[in-house]
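For reference, query_17.cif (mmCIF, N, CA and C atoms and all ligand atoms):
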data_run
#
loop_
_atom_site.label_atom_id
_atom_site.label_comp_id
_atom_site.auth_asym_id
_atom_site.auth_seq_id
_atom_site.Cartn_x
_atom_site.Cartn_y
_atom_site.Cartn_z
N LYS A 1 36.80 111.74 154.86
CA LYS A 1 37.42 112.97 154.34
C LYS A 1 38.18 112.63 153.05
N HIS A 2 37.96 113.44 152.02
CA HIS A 2 38.62 113.18 150.75
C HIS A 2 40.08 113.63 150.81
N SER A 3 40.90 112.95 150.05
CA SER A 3 42.29 113.39 149.91
C SER A 3 42.29 114.76 149.20
N PRO A 4 43.19 115.66 149.59
CA PRO A 4 43.19 117.00 148.99
C PRO A 4 43.43 116.96 147.48
N ASP A 5 44.08 115.90 147.01
CA ASP A 5 44.38 115.82 145.58
C ASP A 5 43.23 115.20 144.79
N SER A 6 42.22 114.68 145.49
CA SER A 6 41.14 114.01 144.78
C SER A 6 40.22 115.03 144.14
N PRO A 7 39.58 114.63 143.04
CA PRO A 7 38.69 115.57 142.35
C PRO A 7 37.48 115.97 143.21
N GLN A 8 37.21 115.19 144.27
CA GLN A 8 36.06 115.50 145.15
C GLN A 8 36.35 116.70 146.04
N CYS A 9 37.61 117.12 146.09
CA CYS A 9 37.98 118.19 147.01
C CYS A 9 37.63 119.55 146.40
N HIS A 10 36.32 119.86 146.43
CA HIS A 10 35.83 121.05 145.73
C HIS A 10 35.91 122.32 146.57
N HIS A 11 36.23 122.19 147.88
CA HIS A 11 36.16 123.39 148.71
C HIS A 11 37.33 124.34 148.45
N LEU A 12 38.41 123.85 147.86
CA LEU A 12 39.54 124.73 147.59
C LEU A 12 39.48 125.19 146.13
N GLU A 13 38.33 125.70 145.72
CA GLU A 13 38.18 126.12 144.34
C GLU A 13 37.55 127.50 144.32
N LYS A 14 37.92 128.26 143.32
CA LYS A 14 37.49 129.66 143.30
C LYS A 14 37.68 130.21 141.90
N ALA A 15 36.89 131.19 141.56
CA ALA A 15 37.07 131.88 140.28
C ALA A 15 36.66 133.34 140.46
N GLY A 16 37.31 134.21 139.72
CA GLY A 16 36.97 135.63 139.77
C GLY A 16 37.92 136.45 138.92
N ILE A 17 37.67 137.75 138.96
CA ILE A 17 38.48 138.70 138.19
C ILE A 17 39.54 139.32 139.10
N VAL A 18 40.79 139.29 138.67
CA VAL A 18 41.85 140.04 139.36
C VAL A 18 42.73 140.71 138.30
N ASN A 19 43.56 141.63 138.76
CA ASN A 19 44.61 142.16 137.89
C ASN A 19 45.86 141.34 138.16
N LYS A 20 46.58 141.02 137.12
CA LYS A 20 47.78 140.19 137.31
C LYS A 20 48.88 140.57 136.32
N THR A 21 50.09 140.28 136.75
CA THR A 21 51.22 140.34 135.82
C THR A 21 52.25 139.30 136.22
N LYS A 22 52.88 138.72 135.24
CA LYS A 22 54.03 137.86 135.53
C LYS A 22 55.22 138.79 135.69
N VAL A 23 56.12 138.49 136.63
CA VAL A 23 57.29 139.35 136.83
C VAL A 23 58.62 138.60 136.71
N VAL A 24 58.57 137.28 136.93
CA VAL A 24 59.79 136.46 136.79
C VAL A 24 59.40 135.19 136.05
N ASP A 25 60.17 134.85 135.02
CA ASP A 25 59.93 133.63 134.25
C ASP A 25 61.12 132.69 134.38
N HIS A 26 60.91 131.59 135.09
CA HIS A 26 61.99 130.62 135.34
C HIS A 26 63.29 131.32 135.76
N GLY A 27 63.16 132.20 136.77
CA GLY A 27 64.33 132.86 137.33
C GLY A 27 64.75 134.13 136.62
N LYS A 28 64.15 134.42 135.48
CA LYS A 28 64.54 135.61 134.72
C LYS A 28 63.48 136.70 134.88
N LYS A 29 63.91 137.86 135.36
CA LYS A 29 63.00 138.98 135.55
C LYS A 29 62.47 139.44 134.20
N ILE A 30 61.16 139.63 134.11
CA ILE A 30 60.58 140.10 132.86
C ILE A 30 59.80 141.39 133.09
N ARG A 31 59.50 142.09 132.01
CA ARG A 31 58.80 143.37 132.12
C ARG A 31 57.35 143.13 132.54
N LYS A 32 56.91 143.97 133.48
CA LYS A 32 55.51 143.88 133.94
C LYS A 32 54.55 144.20 132.81
N ASN A 33 53.45 143.53 132.82
CA ASN A 33 52.39 143.83 131.85
C ASN A 33 51.05 143.55 132.53
N TRP A 34 50.61 144.50 133.36
CA TRP A 34 49.37 144.30 134.12
C TRP A 34 48.19 144.14 133.18
N SER A 35 47.35 143.18 133.45
CA SER A 35 46.07 143.10 132.73
C SER A 35 45.04 142.43 133.61
N GLN A 36 43.78 142.68 133.29
CA GLN A 36 42.69 142.06 134.03
C GLN A 36 42.57 140.61 133.57
N SER A 37 42.23 139.74 134.51
CA SER A 37 42.24 138.33 134.16
C SER A 37 41.13 137.57 134.88
N TRP A 38 40.37 136.81 134.12
CA TRP A 38 39.47 135.81 134.69
C TRP A 38 40.35 134.70 135.24
N THR A 39 40.28 134.48 136.55
CA THR A 39 41.25 133.64 137.24
C THR A 39 40.53 132.48 137.91
N VAL A 40 40.99 131.27 137.65
CA VAL A 40 40.29 130.07 138.12
C VAL A 40 41.26 129.17 138.88
N LEU A 41 40.85 128.79 140.09
CA LEU A 41 41.61 127.80 140.86
C LEU A 41 40.85 126.48 140.81
N HIS A 42 41.53 125.45 140.32
CA HIS A 42 40.88 124.15 140.17
C HIS A 42 41.94 123.06 140.26
N GLY A 43 41.75 122.16 141.20
CA GLY A 43 42.65 121.01 141.31
C GLY A 43 44.11 121.37 141.53
N GLY A 44 44.35 122.42 142.31
CA GLY A 44 45.73 122.79 142.61
C GLY A 44 46.42 123.58 141.51
N ILE A 45 45.67 123.91 140.48
CA ILE A 45 46.21 124.70 139.36
C ILE A 45 45.47 126.03 139.31
N LEU A 46 46.22 127.10 139.22
CA LEU A 46 45.65 128.44 139.07
C LEU A 46 45.83 128.86 137.61
N THR A 47 44.73 129.20 136.96
CA THR A 47 44.81 129.60 135.55
C THR A 47 44.38 131.04 135.40
N PHE A 48 45.29 131.84 134.88
CA PHE A 48 44.99 133.23 134.53
C PHE A 48 44.62 133.26 133.05
N HIS A 49 43.44 133.79 132.76
CA HIS A 49 43.02 133.86 131.36
C HIS A 49 43.34 135.22 130.76
N LYS A 50 43.48 135.22 129.46
CA LYS A 50 43.80 136.47 128.75
C LYS A 50 42.65 137.45 128.88
N ASP A 51 43.01 138.70 128.95
CA ASP A 51 42.01 139.77 128.94
C ASP A 51 41.36 139.79 127.56
N PRO A 52 40.03 139.54 127.48
CA PRO A 52 39.37 139.53 126.17
C PRO A 52 39.57 140.85 125.41
N LYS A 53 39.78 141.94 126.15
CA LYS A 53 39.99 143.25 125.50
C LYS A 53 41.26 143.26 124.66
N SER A 54 42.20 142.33 124.97
CA SER A 54 43.45 142.29 124.21
C SER A 54 43.34 141.39 122.98
N ALA A 55 42.18 140.70 122.83
CA ALA A 55 42.00 139.80 121.69
C ALA A 55 41.76 140.61 120.42
N PRO A 56 42.08 140.03 119.25
CA PRO A 56 41.84 140.75 118.00
C PRO A 56 40.36 141.06 117.83
N ALA A 57 40.05 142.24 117.36
CA ALA A 57 38.65 142.65 117.17
C ALA A 57 38.00 141.77 116.11
N GLY A 58 36.69 141.63 116.22
CA GLY A 58 35.95 140.86 115.21
C GLY A 58 35.74 139.42 115.58
N ASN A 59 36.42 138.97 116.64
CA ASN A 59 36.22 137.59 117.07
C ASN A 59 35.12 137.58 118.13
N ALA A 60 33.89 137.43 117.66
CA ALA A 60 32.73 137.61 118.53
C ALA A 60 32.36 136.34 119.31
N ASN A 61 32.95 135.22 118.93
CA ASN A 61 32.62 133.96 119.59
C ASN A 61 32.97 134.01 121.07
N LYS A 62 31.97 133.92 121.93
CA LYS A 62 32.17 134.07 123.36
C LYS A 62 33.15 133.05 123.94
N ALA A 63 33.00 131.79 123.53
CA ALA A 63 33.85 130.73 124.08
C ALA A 63 35.31 131.00 123.76
N SER A 64 35.58 131.55 122.60
CA SER A 64 36.96 131.78 122.19
C SER A 64 37.59 132.92 122.97
N GLN A 65 36.77 133.64 123.77
CA GLN A 65 37.32 134.74 124.56
C GLN A 65 37.95 134.25 125.86
N ILE A 66 37.70 133.00 126.22
CA ILE A 66 38.28 132.47 127.45
C ILE A 66 39.51 131.64 127.09
N VAL A 67 40.63 132.34 127.05
CA VAL A 67 41.87 131.72 126.59
C VAL A 67 42.88 131.75 127.73
N PRO A 68 43.39 130.60 128.15
CA PRO A 68 44.39 130.61 129.21
C PRO A 68 45.64 131.38 128.80
N GLU A 69 46.19 132.13 129.74
CA GLU A 69 47.44 132.84 129.48
C GLU A 69 48.57 132.20 130.28
N TYR A 70 48.33 132.05 131.60
CA TYR A 70 49.31 131.38 132.46
C TYR A 70 48.63 130.28 133.25
N THR A 71 49.24 129.13 133.29
CA THR A 71 48.75 128.01 134.08
C THR A 71 49.79 127.75 135.17
N VAL A 72 49.37 127.93 136.43
CA VAL A 72 50.32 127.93 137.53
C VAL A 72 50.08 126.72 138.43
N ASP A 73 51.06 125.83 138.49
CA ASP A 73 51.00 124.68 139.40
C ASP A 73 51.38 125.18 140.80
N LEU A 74 50.42 125.12 141.73
CA LEU A 74 50.67 125.69 143.06
C LEU A 74 51.51 124.78 143.96
N ARG A 75 51.67 123.54 143.57
CA ARG A 75 52.42 122.59 144.42
C ARG A 75 53.85 123.08 144.64
N GLY A 76 54.22 123.25 145.89
CA GLY A 76 55.58 123.71 146.20
C GLY A 76 55.76 125.21 146.06
N GLY A 77 54.67 125.93 145.81
CA GLY A 77 54.76 127.38 145.64
C GLY A 77 54.55 128.12 146.95
N SER A 78 54.46 129.44 146.85
CA SER A 78 54.21 130.26 148.04
C SER A 78 53.45 131.51 147.63
N VAL A 79 52.69 132.04 148.59
CA VAL A 79 52.00 133.31 148.33
C VAL A 79 52.12 134.18 149.57
N GLN A 80 52.29 135.49 149.35
CA GLN A 80 52.38 136.43 150.47
C GLN A 80 52.01 137.82 149.94
N TRP A 81 51.73 138.73 150.88
CA TRP A 81 51.52 140.12 150.46
C TRP A 81 52.85 140.64 149.93
N ALA A 82 52.81 141.31 148.79
CA ALA A 82 54.04 141.80 148.17
C ALA A 82 54.60 142.98 148.97
N ALA A 83 55.92 143.05 149.01
CA ALA A 83 56.58 144.20 149.64
C ALA A 83 56.25 145.46 148.85
N LYS A 84 56.31 146.61 149.53
CA LYS A 84 55.92 147.89 148.93
C LYS A 84 56.71 148.22 147.66
N ASP A 85 57.95 147.75 147.61
CA ASP A 85 58.78 148.10 146.44
C ASP A 85 58.45 147.25 145.21
N LYS A 86 57.54 146.29 145.35
CA LYS A 86 57.19 145.43 144.21
C LYS A 86 56.19 146.10 143.28
N SER A 87 55.40 147.03 143.84
CA SER A 87 54.38 147.68 143.05
C SER A 87 53.87 148.92 143.78
N SER A 88 53.44 149.90 143.02
CA SER A 88 52.84 151.09 143.62
C SER A 88 51.35 150.86 143.92
N LYS A 89 50.82 149.75 143.42
CA LYS A 89 49.39 149.47 143.64
C LYS A 89 49.15 148.99 145.06
N LYS A 90 47.87 149.10 145.49
CA LYS A 90 47.52 148.60 146.81
C LYS A 90 46.99 147.17 146.69
N PHE A 91 47.11 146.43 147.80
CA PHE A 91 46.60 145.05 147.90
C PHE A 91 47.19 144.16 146.80
N VAL A 92 48.48 143.94 146.86
CA VAL A 92 49.18 143.15 145.86
C VAL A 92 49.71 141.87 146.50
N LEU A 93 49.42 140.75 145.88
CA LEU A 93 49.97 139.46 146.32
C LEU A 93 51.12 139.07 145.42
N GLU A 94 52.09 138.40 146.02
CA GLU A 94 53.22 137.87 145.26
C GLU A 94 53.13 136.35 145.31
N LEU A 95 53.00 135.75 144.15
CA LEU A 95 52.87 134.30 144.04
C LEU A 95 54.12 133.73 143.38
N LYS A 96 54.77 132.81 144.09
CA LYS A 96 56.01 132.22 143.55
C LYS A 96 55.80 130.73 143.32
N THR A 97 56.32 130.23 142.22
CA THR A 97 56.20 128.79 141.94
C THR A 97 57.52 128.10 142.20
N ARG A 98 57.42 126.80 142.38
CA ARG A 98 58.62 126.00 142.61
C ARG A 98 59.53 126.02 141.39
N GLN A 99 58.95 126.32 140.22
CA GLN A 99 59.72 126.34 138.97
C GLN A 99 60.42 127.68 138.76
N GLY A 100 60.29 128.59 139.74
CA GLY A 100 61.01 129.86 139.63
C GLY A 100 60.29 130.93 138.82
N CYS A 101 58.96 130.84 138.78
CA CYS A 101 58.18 131.92 138.16
C CYS A 101 57.50 132.72 139.25
N GLU A 102 57.30 134.01 139.01
CA GLU A 102 56.63 134.88 139.98
C GLU A 102 55.56 135.72 139.29
N TYR A 103 54.46 135.85 140.00
CA TYR A 103 53.31 136.63 139.52
C TYR A 103 52.88 137.60 140.60
N LEU A 104 52.37 138.75 140.20
CA LEU A 104 51.68 139.64 141.13
C LEU A 104 50.20 139.59 140.82
N MET A 105 49.38 139.55 141.88
CA MET A 105 47.92 139.58 141.74
C MET A 105 47.42 140.76 142.55
N GLN A 106 46.48 141.50 142.00
CA GLN A 106 46.06 142.75 142.67
C GLN A 106 44.59 143.02 142.42
N TYR A 107 43.96 143.59 143.45
CA TYR A 107 42.58 144.08 143.27
C TYR A 107 42.36 145.19 144.28
N ASP A 108 41.63 146.22 143.89
CA ASP A 108 41.45 147.40 144.75
C ASP A 108 40.57 147.14 145.97
N THR A 109 39.82 146.04 145.97
CA THR A 109 39.01 145.68 147.13
C THR A 109 39.79 144.67 147.97
N GLU A 110 40.11 145.05 149.21
CA GLU A 110 40.99 144.21 150.02
C GLU A 110 40.42 142.82 150.26
N SER A 111 39.10 142.74 150.53
CA SER A 111 38.50 141.44 150.85
C SER A 111 38.62 140.46 149.67
N ILE A 112 38.51 140.99 148.46
CA ILE A 112 38.60 140.12 147.27
C ILE A 112 39.98 139.49 147.20
N ILE A 113 41.01 140.30 147.39
CA ILE A 113 42.36 139.79 147.21
C ILE A 113 42.81 138.97 148.43
N SER A 114 42.32 139.33 149.62
CA SER A 114 42.71 138.52 150.78
C SER A 114 42.02 137.15 150.75
N ASP A 115 40.84 137.06 150.15
CA ASP A 115 40.22 135.75 149.94
C ASP A 115 41.07 134.88 149.01
N TRP A 116 41.60 135.50 147.96
CA TRP A 116 42.49 134.77 147.06
C TRP A 116 43.73 134.29 147.81
N CYS A 117 44.28 135.18 148.64
CA CYS A 117 45.47 134.83 149.41
C CYS A 117 45.19 133.58 150.25
N LYS A 118 44.06 133.59 150.96
CA LYS A 118 43.73 132.46 151.85
C LYS A 118 43.54 131.17 151.08
N VAL A 119 42.80 131.22 149.98
CA VAL A 119 42.50 129.98 149.27
C VAL A 119 43.75 129.43 148.58
N ILE A 120 44.62 130.31 148.10
CA ILE A 120 45.87 129.84 147.48
C ILE A 120 46.77 129.23 148.55
N GLN A 121 46.84 129.91 149.70
CA GLN A 121 47.65 129.40 150.81
C GLN A 121 47.15 128.02 151.27
N ASP A 122 45.84 127.91 151.45
CA ASP A 122 45.25 126.63 151.86
C ASP A 122 45.56 125.54 150.83
N THR A 123 45.43 125.89 149.57
CA THR A 123 45.68 124.91 148.51
C THR A 123 47.12 124.43 148.57
N ILE A 124 48.06 125.38 148.68
CA ILE A 124 49.48 125.02 148.75
C ILE A 124 49.72 124.09 149.94
N HIS A 125 49.11 124.41 151.09
CA HIS A 125 49.33 123.61 152.29
C HIS A 125 48.74 122.21 152.16
N HIS A 126 47.66 122.07 151.39
CA HIS A 126 47.02 120.77 151.25
C HIS A 126 47.67 119.90 150.17
N LEU A 127 48.42 120.52 149.27
CA LEU A 127 49.08 119.75 148.21
C LEU A 127 50.36 119.16 148.79
N THR A 128 50.47 117.86 148.74
CA THR A 128 51.69 117.24 149.26
C THR A 128 52.81 117.47 148.25
N PRO A 129 53.98 117.92 148.73
CA PRO A 129 55.09 118.14 147.80
C PRO A 129 55.53 116.81 147.17
N HIS A 130 55.89 116.84 145.90
CA HIS A 130 56.38 115.62 145.24
C HIS A 130 57.76 115.25 145.76
O1 LIG B 1 57.94 147.91 138.76
P1 LIG B 1 57.80 148.94 137.68
O2 LIG B 1 58.72 148.73 136.53
O3 LIG B 1 57.78 150.35 138.19
O4 LIG B 1 56.36 148.64 137.05
C1 LIG B 1 55.57 149.56 136.36
C2 LIG B 1 55.78 149.45 134.89
O5 LIG B 1 55.61 148.11 134.46
C3 LIG B 1 54.81 150.31 134.12
O6 LIG B 1 54.93 150.12 132.75
P2 LIG B 1 56.17 150.61 131.84
O7 LIG B 1 56.98 149.34 131.70
O8 LIG B 1 55.60 151.05 130.54
O9 LIG B 1 56.91 151.66 132.60
C4 LIG B 1 53.38 149.97 134.50
O10 LIG B 1 52.49 150.83 133.81
C5 LIG B 1 53.17 150.11 135.99
O11 LIG B 1 51.85 149.73 136.28
C6 LIG B 1 54.15 149.29 136.77
O12 LIG B 1 54.12 149.54 138.13
P3 LIG B 1 53.09 149.18 139.26
O13 LIG B 1 53.60 149.97 140.42
O14 LIG B 1 51.75 149.60 138.77
O15 LIG B 1 53.13 147.70 139.56
#
Any chance you could put this one into structure tokens?
Ligand code: I3S
Amino acid sequence: KHSPDSPQCHHLEKAGIVNKTKVVDHGKKIRKNWSQSWTVLHGGILTFHKDPKSAPAGNANKASQIVPEYTVDLRGGSVQWAAKDKSSKKFVLELKTRQGCEYLMQYDTESIISDWCKVIQDTIHHLTPH
């Protein structure tokens, strides 16, 4: 069995589209800014990419459209279904980092977002705290 931190541990990896917003930055509440995001879990790091629709027009290069926006170290973090007062949207996850940042992740299809919840939870549990 591979160590969870080893690069061979490919089962805790996932990618897909979700809606996301950062809500707390290092303990400081910030204004919500929901956007769609290509989201990748790899090696204990969750990367939310910028919505290509927000990029300046005229930049047709496909590769340049995949730009990281937030890189989230899951080690020592937590994920749970968000309380109703966190958002009016349905199926919202609240992701908290050990560094005091918080993100909401949302998708209108429950199975999509609950799969994210499970894989993030599993990843957190497999990452040994420093
Ligand atoms: O928690 P809030 O402040 O009610 O979040 C809403 C706002 O961010 C709103 O934008 P304005 O800052 O322009 O009011 C967004 O459009 C809403 O989507 C936010 O609420 P939801 O319930 O969608 O997370």
(request) Tell me, in Å to one decimal, how far atom CA of A:Gln36 is from atom CA of A:Asp51. (result)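 We find that atom CA of A:Gln36 and atom CA of A:Asp51 lie 5.6 Å from each other.
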(request) Excluding A:Lys28 and any residue of its chain fewer than 3 positions from it, enumerate the residues within 9 Å of it, using only C-alpha atoms, and give them as number ranges by chain. (result) A: 23-25, 100-101
(request) Could you please extract the residues within 6 Å of ligand LIG 1 (chain B), counting only N, CA and C atoms and all ligand atoms, and hand them back as a ChimeraX atom specification? (result) /A:31-33,86-89
(message) If I take atom CA of A:Pro68 and atom CA of A:Leu104, how far is one from the other in Å, to one decimal?
(response)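 One can read the atom CA of A:Pro68 to atom CA of A:Leu104 distance as 16.6 Å.
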(request) Please return as a PyMOL selection string: the residues of chain A that backbone DSSP assigns to alpha helix (DSSP H). (result) chain A and resi 110-126
(message) Which residue is closest to A:Gln99? Choose from A:Lys29, A:Gly76, A:Ile120, A:Asn19 and count only N, CA and C atoms.
(response) A:Gly76
(request) Go ahead and compute the interatomic distance for atom CA of A:Glu94 and atom CA of A:Lys53, in Å to one decimal. (result)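 The value is 24.4 Å.
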(request) Measuring atom to atom with only C-alpha atoms, identify which of A:Thr47, A:Ser54, A:Ser111, A:Thr39 is nearest to A:Asp73. (result)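 Ranked by minimum distance to A:Asp73, first place goes to A:Thr47.
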(message) Which residue is closest to A:Lys22? Choose from A:Gly43, A:Val92, A:Tyr103, A:Gln65 and count all atoms listed in the file.
(response)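 Smallest distance to A:Lys22 is found for A:Tyr103.
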Would you place a box with edges along x, y and z of the file around all atoms of stretch 95-108 of chain A listed there, add 5 Å to each of its six sides, and report the centre and edge lengths in Å to one decimal, as AutoDock Vina command-line options?
--center_x 50.8 --center_y 136.7 --center_z 142.1 --size_x 30.4 --size_y 31.4 --size_z 17.8
(request) Have a look at A:Lys20, A:His42, A:Lys118, A:His126 and name the one nearest to A:Val79; count only C-alpha atoms. (result)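 Of A:Lys20, A:His42, A:Lys118, A:His126, the one nearest A:Val79, counting only C-alpha atoms, is A:Lys118.
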